[in-house]
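Here the structure is laid out as structure tokens; the discussion comes afterwards.
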Amino acid sequence: MKRIVTPLLEHWYFRPGFVPRDAADPATEGFVPVCLPHTVREMPCSYFSVQDFQGLSCYKRRLNLKEEWKNHRIFVDFDGVMTAARVFCNGREAGTHKGGFTPFSVEITDFLRWDGGDFLAVEVDSTERPDTPPFGYVVDYVCFGGIYREVTLRAVPPAHIRNVKTEARDVMAPRKALALRADLQGVPAGAVLAASLWDGDTRLAVCETALAPGAQTAELLLQDLDVRRWELDDPALYTLRVTLHSGADTDEVCLRTGFRIARFTPRGFFLNEKSIKLRGLNRHQQYPYQGYAMPWRAQYQDADLLKRELHLNIVRTSHYPQSPHFLDRCDEIGLLVFEELPGWQHIGDAAWQEQSCRDLEAMIRRDWNHPSIVLWGVRINESLDDHDFYARTNTLARALDPTRQTGGVRYLEHSELLEDVYTINDFSHDGTNAGLRDPRAVTGLTRDVPYLVTEHSGHIYPTKRFDNEERLLEQALRHLRVLDAAAADPRISGAIGWCAFDYNTHKDFGSGDKVCYHGVMDMFRLPKFAAAVYRSQTEEEPVLEPLTRWTRGDRCAAQITPLVICTNCEEVRVIVNGVDQGKFTPDRSNYPSLAHPPVILRQLSGGWGDDWNGAEFIGYRGGKEVARQRYTADPTPAALELQADAAALNAGPWDTTRIVCRLVDSCGHPLPYDFTPVQLTAEGPGQIIGPGLRSLLGGEIAFWVRTTGEEGVLRVIVNTPEGLTAAVTLPVK
Ligand code: GAL
């Protein structure tokens, strides 16, 4: 026997509501066929009622067991079901789970009949159950219901591996080591545990140990390893195979690991003993229309966007463990992660706290092998001090994973520091004062401690992507000031702003439309001005983003200055109304600590009543032109552009990509106050997610398409009533 793992994504049937008969009745009349990840209800992006998707629902699926799985122990692994689930196999309850962000496994071995009719029924409760974090009081985000992550069938021999934890050793030495601990089940006499480390197809090291019968854990050490460290610009990953041999049976687990040391200190954050100023944003896992239910590619695209478009080096998975795919991608591309347990301000009763500790344990056990994760959040975000509860969560996290430090996100000054890192949401900057508070004033301690800002900006200055220029500029300036303040103080490990993307929320928050417009990007991951603040802070690619729409009268009193240019260029030449204004350099006097301060033009001639013409900005590095932006004074629609984030999609279980549509002027800038309706159409093996008829929002919009399973060519077409049209073609293989 050996381990067999089969995804259970397709061939599910779904219906809102759950009646007792559903558990034992394989019939699916009145159900719709669905493919996971699945949301119980596609929701509008705004002005919805959260009651509309809350309630019980039923998912059913036949199992089609294979003869070769017989004599195995059979488990169904759920990656995430919001908010609670009861799993029935052939009418008998096989397991239950509470908590929408943590995985769970249900063993069905004893319930199977092997007669071809075996089936699962899952009762999903997507209500905001007060017995389950984050619920119990108000929450500033919406937890969309459903079996919204993947499900897998796992058949294992009686002797099998339950989990593996790796710990890199001697990371700074030329030859490194990897310690691993395997949790085991059903080990008979004569069993052996073996481990090998691989770099692609090359085996680097191997070791093994004989096991005593009944052994529940075993430790192995792979030594003398010639491996690269996991670095942000070279996130080297290796494959570990752990094999349990028992008689003729083998059970093998394969995972990825990396070699790095991460340390928060009173003098900042160090990765592999190099000081790194952390510059990040918070991410919610929510998408328009689909809620939480998006497959691997969307998760990958989010991580890519944070690292490659916004050039962040850290993301906080606010306020819960996020998709394993998202974390896998962070490992692959070198994006650090601060992951925290589910919760928001409210601490419930003793049973609720038990549940919270279970969530914490499940998160750490699921994710301890990700090199990207550098900190465990062990406090309910922004809750009050609670000595006993947080002493317990800290002890639990340290016992499970002594290699990582703990943080606990608070907004409190002088809060009791039970964690290793004082993680603080510092919303003190109001546009006129210092970017951040002094760490010692916040902690109330007379010594420096590891210190990380985990939120800033956010609700202090909500900004819509289609707001006017002044507001967008002010949002960007606030992010700039906070980043500068974080960069100035070596005691501050860095700052993680609120937040990456606008998100859906409850009536108690946001703009009344169930949206918090706190992102540097909107819900569709389209940039506001503030995105350029982050983009411009590294040298990866030339960035030249004037924070202007180049209009005569959008700002009050026809001002066009200050004209702030987020850039990593050394000099920027500015040509206005045909007149060369000369070259300008970054404003180091106002932003002394930023790697790349903005260039700021404080005076440009001309005003209301003067002739208004175009502008041109040219960025130079090492004296050479590396970037150029032009603006017309008379924008009109010049082209409808369509661009997909992926070049091709997969057939089979549903796949997806984001597609961006822009109505641009002759200089390639979206028309910022255009709200033209557009018709989105998909031809071939795919569908538009959400309505086909939309309005551009400020000259642009993004949407996702989903595949329907078959192979072919997916063509997505966008039309405007004025007859403009654009199309993209995606092979689906
Ligand atoms: C914080 C909270 C976040 C979000 C943010 C808005 O207090 O932790 O979840 O609500 O405010 O700025």
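For the structure tokens, the naming scheme is as follows: chains receive sequential letters (A, B, ...) according to their order of presentation, residues are indexed from 1 within each chain, and ligands are indexed from 1 in presentation order.
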
Return as JSON, numbers by chain every polymer residue, whether protein, DNA or RNA, with at least one atom no more than 8 Å from an atom of ligand 1; count only C-alpha atoms and all ligand atoms.
{"A": [139, 140, 141, 318, 319, 344, 345, 381, 382, 411, 425, 427, 455, 456, 457, 458, 459, 460, 498, 499, 509, 516, 518]}

Output N, CA, C and O atoms of each residue in that selection to a file, as a PDB file, in the first residue's frame.
ATOM      1  N   VAL A 139     -17.500  43.191  13.210  1.00  0.00           N
ATOM      2  CA  VAL A 139     -16.232  42.837  12.550  1.00  0.00           C
ATOM      3  C   VAL A 139     -16.094  43.679  11.285  1.00  0.00           C
ATOM      4  O   VAL A 139     -17.029  43.732  10.479  1.00  0.00           O
ATOM      5  N   ASP A 140     -14.930  44.269  11.069  1.00  0.00           N
ATOM      6  CA  ASP A 140     -14.729  45.088   9.872  1.00  0.00           C
ATOM      7  C   ASP A 140     -14.237  44.252   8.682  1.00  0.00           C
ATOM      8  O   ASP A 140     -13.186  44.521   8.108  1.00  0.00           O
ATOM      9  N   TYR A 141     -14.940  43.222   8.350  1.00  0.00           N
ATOM     10  CA  TYR A 141     -14.773  42.513   7.088  1.00  0.00           C
ATOM     11  C   TYR A 141     -15.896  41.490   7.012  1.00  0.00           C
ATOM     12  O   TYR A 141     -16.541  41.209   8.013  1.00  0.00           O
ATOM     13  N   SER A 318      -4.096  39.725   7.242  1.00  0.00           N
ATOM     14  CA  SER A 318      -5.100  40.231   8.172  1.00  0.00           C
ATOM     15  C   SER A 318      -6.447  39.597   7.820  1.00  0.00           C
ATOM     16  O   SER A 318      -6.806  39.575   6.660  1.00  0.00           O
ATOM     17  N   HIS A 319      -7.161  39.101   8.764  1.00  0.00           N
ATOM     18  CA  HIS A 319      -6.847  38.849  10.160  1.00  0.00           C
ATOM     19  C   HIS A 319      -7.102  37.371  10.426  1.00  0.00           C
ATOM     20  O   HIS A 319      -7.908  37.018  11.270  1.00  0.00           O
ATOM     21  N   TRP A 344     -11.148  39.739  15.612  1.00  0.00           N
ATOM     22  CA  TRP A 344     -11.211  41.188  15.404  1.00  0.00           C
ATOM     23  C   TRP A 344     -11.801  41.853  16.637  1.00  0.00           C
ATOM     24  O   TRP A 344     -13.006  41.810  16.855  1.00  0.00           O
ATOM     25  N   GLN A 345     -10.943  42.417  17.440  1.00  0.00           N
ATOM     26  CA  GLN A 345     -11.277  43.217  18.628  1.00  0.00           C
ATOM     27  C   GLN A 345     -11.982  42.441  19.752  1.00  0.00           C
ATOM     28  O   GLN A 345     -11.701  42.650  20.914  1.00  0.00           O
ATOM     29  N   ASN A 381      -6.723  40.478  16.758  1.00  0.00           N
ATOM     30  CA  ASN A 381      -6.382  41.816  16.286  1.00  0.00           C
ATOM     31  C   ASN A 381      -7.105  42.888  17.097  1.00  0.00           C
ATOM     32  O   ASN A 381      -8.333  42.870  17.223  1.00  0.00           O
ATOM     33  N   GLU A 382      -6.317  43.796  17.646  1.00  0.00           N
ATOM     34  CA  GLU A 382      -6.837  44.977  18.343  1.00  0.00           C
ATOM     35  C   GLU A 382      -7.758  44.673  19.517  1.00  0.00           C
ATOM     36  O   GLU A 382      -8.657  45.445  19.828  1.00  0.00           O
ATOM     37  N   TYR A 411      -3.783  48.147  19.447  1.00  0.00           N
ATOM     38  CA  TYR A 411      -3.703  49.578  19.231  1.00  0.00           C
ATOM     39  C   TYR A 411      -3.374  50.274  20.541  1.00  0.00           C
ATOM     40  O   TYR A 411      -3.276  51.496  20.609  1.00  0.00           O
ATOM     41  N   ASN A 425      -0.795  48.843  15.825  1.00  0.00           N
ATOM     42  CA  ASN A 425      -1.479  49.607  14.789  1.00  0.00           C
ATOM     43  C   ASN A 425      -1.389  51.080  15.171  1.00  0.00           C
ATOM     44  O   ASN A 425      -2.009  51.515  16.132  1.00  0.00           O
ATOM     45  N   PHE A 427      -2.212  54.579  14.141  1.00  0.00           N
ATOM     46  CA  PHE A 427      -3.014  55.422  13.251  1.00  0.00           C
ATOM     47  C   PHE A 427      -2.881  56.897  13.635  1.00  0.00           C
ATOM     48  O   PHE A 427      -3.797  57.689  13.422  1.00  0.00           O
ATOM     49  N   GLU A 455      -0.307  48.314  11.243  1.00  0.00           N
ATOM     50  CA  GLU A 455      -1.293  49.041  10.434  1.00  0.00           C
ATOM     51  C   GLU A 455      -1.044  50.533  10.585  1.00  0.00           C
ATOM     52  O   GLU A 455      -0.612  50.986  11.654  1.00  0.00           O
ATOM     53  N   HIS A 456      -1.356  51.269   9.549  1.00  0.00           N
ATOM     54  CA  HIS A 456      -1.406  52.729   9.604  1.00  0.00           C
ATOM     55  C   HIS A 456      -2.287  53.179   8.444  1.00  0.00           C
ATOM     56  O   HIS A 456      -2.638  52.378   7.576  1.00  0.00           O
ATOM     57  N   SER A 457      -2.647  54.440   8.432  1.00  0.00           N
ATOM     58  CA  SER A 457      -3.439  55.062   7.334  1.00  0.00           C
ATOM     59  C   SER A 457      -4.882  54.560   7.346  1.00  0.00           C
ATOM     60  O   SER A 457      -5.645  54.999   8.172  1.00  0.00           O
ATOM     61  N   GLY A 458      -5.263  53.631   6.460  1.00  0.00           N
ATOM     62  CA  GLY A 458      -6.582  52.994   6.505  1.00  0.00           C
ATOM     63  C   GLY A 458      -7.754  53.951   6.690  1.00  0.00           C
ATOM     64  O   GLY A 458      -7.930  54.907   5.932  1.00  0.00           O
ATOM     65  N   HIS A 459      -8.543  53.686   7.745  1.00  0.00           N
ATOM     66  CA  HIS A 459      -9.791  54.430   7.944  1.00  0.00           C
ATOM     67  C   HIS A 459      -9.543  55.905   8.269  1.00  0.00           C
ATOM     68  O   HIS A 459     -10.483  56.696   8.266  1.00  0.00           O
ATOM     69  N   ILE A 460      -8.294  56.266   8.559  1.00  0.00           N
ATOM     70  CA  ILE A 460      -8.022  57.675   8.848  1.00  0.00           C
ATOM     71  C   ILE A 460      -8.226  58.508   7.576  1.00  0.00           C
ATOM     72  O   ILE A 460      -8.570  59.676   7.640  1.00  0.00           O
ATOM     73  N   TRP A 498      -2.377  49.834   6.179  1.00  0.00           N
ATOM     74  CA  TRP A 498      -3.747  49.391   5.938  1.00  0.00           C
ATOM     75  C   TRP A 498      -4.236  50.142   4.716  1.00  0.00           C
ATOM     76  O   TRP A 498      -4.422  51.337   4.803  1.00  0.00           O
ATOM     77  N   CYS A 499      -4.459  49.478   3.611  1.00  0.00           N
ATOM     78  CA  CYS A 499      -4.236  48.070   3.352  1.00  0.00           C
ATOM     79  C   CYS A 499      -3.980  47.941   1.843  1.00  0.00           C
ATOM     80  O   CYS A 499      -3.971  48.927   1.130  1.00  0.00           O
ATOM     81  N   PHE A 509     -19.103  49.800   9.289  1.00  0.00           N
ATOM     82  CA  PHE A 509     -17.822  50.339   8.825  1.00  0.00           C
ATOM     83  C   PHE A 509     -17.981  50.833   7.387  1.00  0.00           C
ATOM     84  O   PHE A 509     -19.016  50.641   6.759  1.00  0.00           O
ATOM     85  N   CYS A 516     -14.979  49.180   2.495  1.00  0.00           N
ATOM     86  CA  CYS A 516     -13.952  50.035   3.087  1.00  0.00           C
ATOM     87  C   CYS A 516     -12.967  50.395   1.981  1.00  0.00           C
ATOM     88  O   CYS A 516     -12.285  49.518   1.435  1.00  0.00           O
ATOM     89  N   HIS A 518     -10.008  51.551   1.808  1.00  0.00           N
ATOM     90  CA  HIS A 518      -8.759  51.814   2.519  1.00  0.00           C
ATOM     91  C   HIS A 518      -7.539  51.350   1.735  1.00  0.00           C
ATOM     92  O   HIS A 518      -6.413  51.532   2.179  1.00  0.00           O
TER      93      HIS A 518
END

Who sits within 9 Å of stretch 384-400 of chain A, only C-alpha atoms, same chain under 2 positions skipped, as an NGL selection string
:A and (345-347 or 353 or 356-357 or 360-361 or 364-365 or 368 or 376 or 378-380 or 382 or 402-408 or 410-412 or 415-416 or 418-420)

Nearest residue to A:Arg263 from the set A:Asp665, A:Asp367, A:Ile373, A:Thr250 (distances using only C-alpha atoms):
A:Ile373

Need the shell around stretch 461-478 of chain A: protein/DNA/RNA residues with any atom at most 9 Å away, counting only C-alpha atoms. Skip same-chain ones fewer than 5 positions apart. Format as a ChimeraX atom specification?
/A:429-431,435,483,502,510-511,516-522,526-533,547-549,554-556,564,672-673,697-699

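The gap separating atom CA of A:Thr83 from atom CA of A:Thr127 is 6.6 Å, in Å to one decimal.
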
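The residues of stretch 470-558 of chain A that DSSP assigns to alpha helix (DSSP H) on this backbone come out as A:Glu470, A:Arg471, A:Leu472, A:Leu473, A:Glu474, A:Gln475, A:Ala476, A:Leu477, A:Arg478, A:His479, A:Leu480, A:Arg481, A:Val482, A:Leu483, A:Asp484, A:Ala485, A:Ala486, A:Ala487, A:Ala488, A:Phe529, A:Ala530, A:Ala531, A:Ala532, A:Val533, A:Tyr534, A:Arg535.
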
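Closest approach to A:Arg535 among A:Leu112, A:Met523, A:Cys143, A:Cys566 is made by A:Cys566 (distances from only C-alpha atoms).
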
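Between A:Glu539 and the residues A:His596, A:Lys274, A:His325, A:Arg437, the shortest atom-to-atom distance, using only C-alpha atoms, involves A:His596.
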
To test your reading of the structure, identify every residue in stretch 307-525 of chain A that backbone DSSP assigns to strand (DSSP E or B), and report it as a VMD selection string.
chain A and resid 314 to 317 336 to 340 373 to 377 405 to 407 410 421 to 425 451 to 455 457 492 to 498 501 503 to 504 515 to 516 521

Please write the residues from the selection above to a file, keeping C-alpha atoms, as a compact mmCIF listing (two decimals), in the first residue's frame.
# COMPACT_ATOMS: atom_id res chain seq x y z
CA ILE A 314 6.13 41.73 3.65
CA VAL A 315 2.38 41.09 3.77
CA ARG A 316 0.20 40.61 6.84
CA THR A 317 -2.58 38.08 6.33
CA LEU A 336 7.69 37.70 3.89
CA VAL A 337 4.48 36.97 5.78
CA PHE A 338 3.08 37.88 9.17
CA GLU A 339 0.26 35.40 9.75
CA GLU A 340 -2.23 35.70 12.59
CA ILE A 373 6.33 33.23 7.43
CA VAL A 374 8.45 35.13 9.93
CA LEU A 375 6.01 35.97 12.72
CA TRP A 376 2.95 34.36 14.35
CA GLY A 377 0.19 36.72 15.44
CA GLN A 405 8.76 34.85 17.30
CA THR A 406 5.28 35.87 18.35
CA GLY A 407 3.53 39.18 17.84
CA ARG A 410 -2.84 45.93 19.45
CA VAL A 421 7.53 41.63 19.20
CA TYR A 422 5.44 44.69 20.11
CA THR A 423 3.17 44.83 17.07
CA ILE A 424 1.15 48.02 16.99
CA ASN A 425 -1.48 49.61 14.79
CA TYR A 451 8.80 46.73 17.39
CA LEU A 452 6.72 46.49 14.22
CA VAL A 453 3.96 48.77 12.94
CA THR A 454 1.24 46.46 11.68
CA GLU A 455 -1.29 49.04 10.43
CA SER A 457 -3.44 55.06 7.33
CA ILE A 492 11.17 50.15 14.10
CA SER A 493 11.36 46.93 12.10
CA GLY A 494 9.08 48.39 9.48
CA ALA A 495 5.52 49.34 8.71
CA ILE A 496 2.68 47.33 7.20
CA GLY A 497 0.01 49.75 5.97
CA TRP A 498 -3.75 49.39 5.94
CA PHE A 501 -7.02 46.27 -1.51
CA TYR A 503 -12.68 45.17 0.81
CA ASN A 504 -16.26 44.36 1.70
CA VAL A 515 -16.98 48.75 1.19
CA CYS A 516 -13.95 50.03 3.09
CA MET A 521 -5.61 49.52 -4.80

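Between atom CA of A:Gln301 and atom CA of A:Tyr148 lies a distance of 17.5 Å.
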
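Residues surrounding stretch 578-595 of chain A within 6 Å are Asp484, Ala487, Ala488, Gln537, Glu571, Val572, Arg573, Val574, Ile575, Pro598 and Val599 of chain A [only C-alpha atoms; sequence separation below 3 positions excluded].
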
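Residue nearest A:Phe264, chosen from A:Arg149, A:Arg181, A:Lys176, A:Lys277 and counting only C-alpha atoms: A:Lys277.
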
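Residues in contact range of A:Pro677, defined as at most 10 Å between only C-alpha atoms, with sequence neighbours fewer than 4 positions away removed, read Leu693, Arg694, Ser695, Leu696, Leu697, Asn719, Thr720, Pro721 and Glu722 of chain A.
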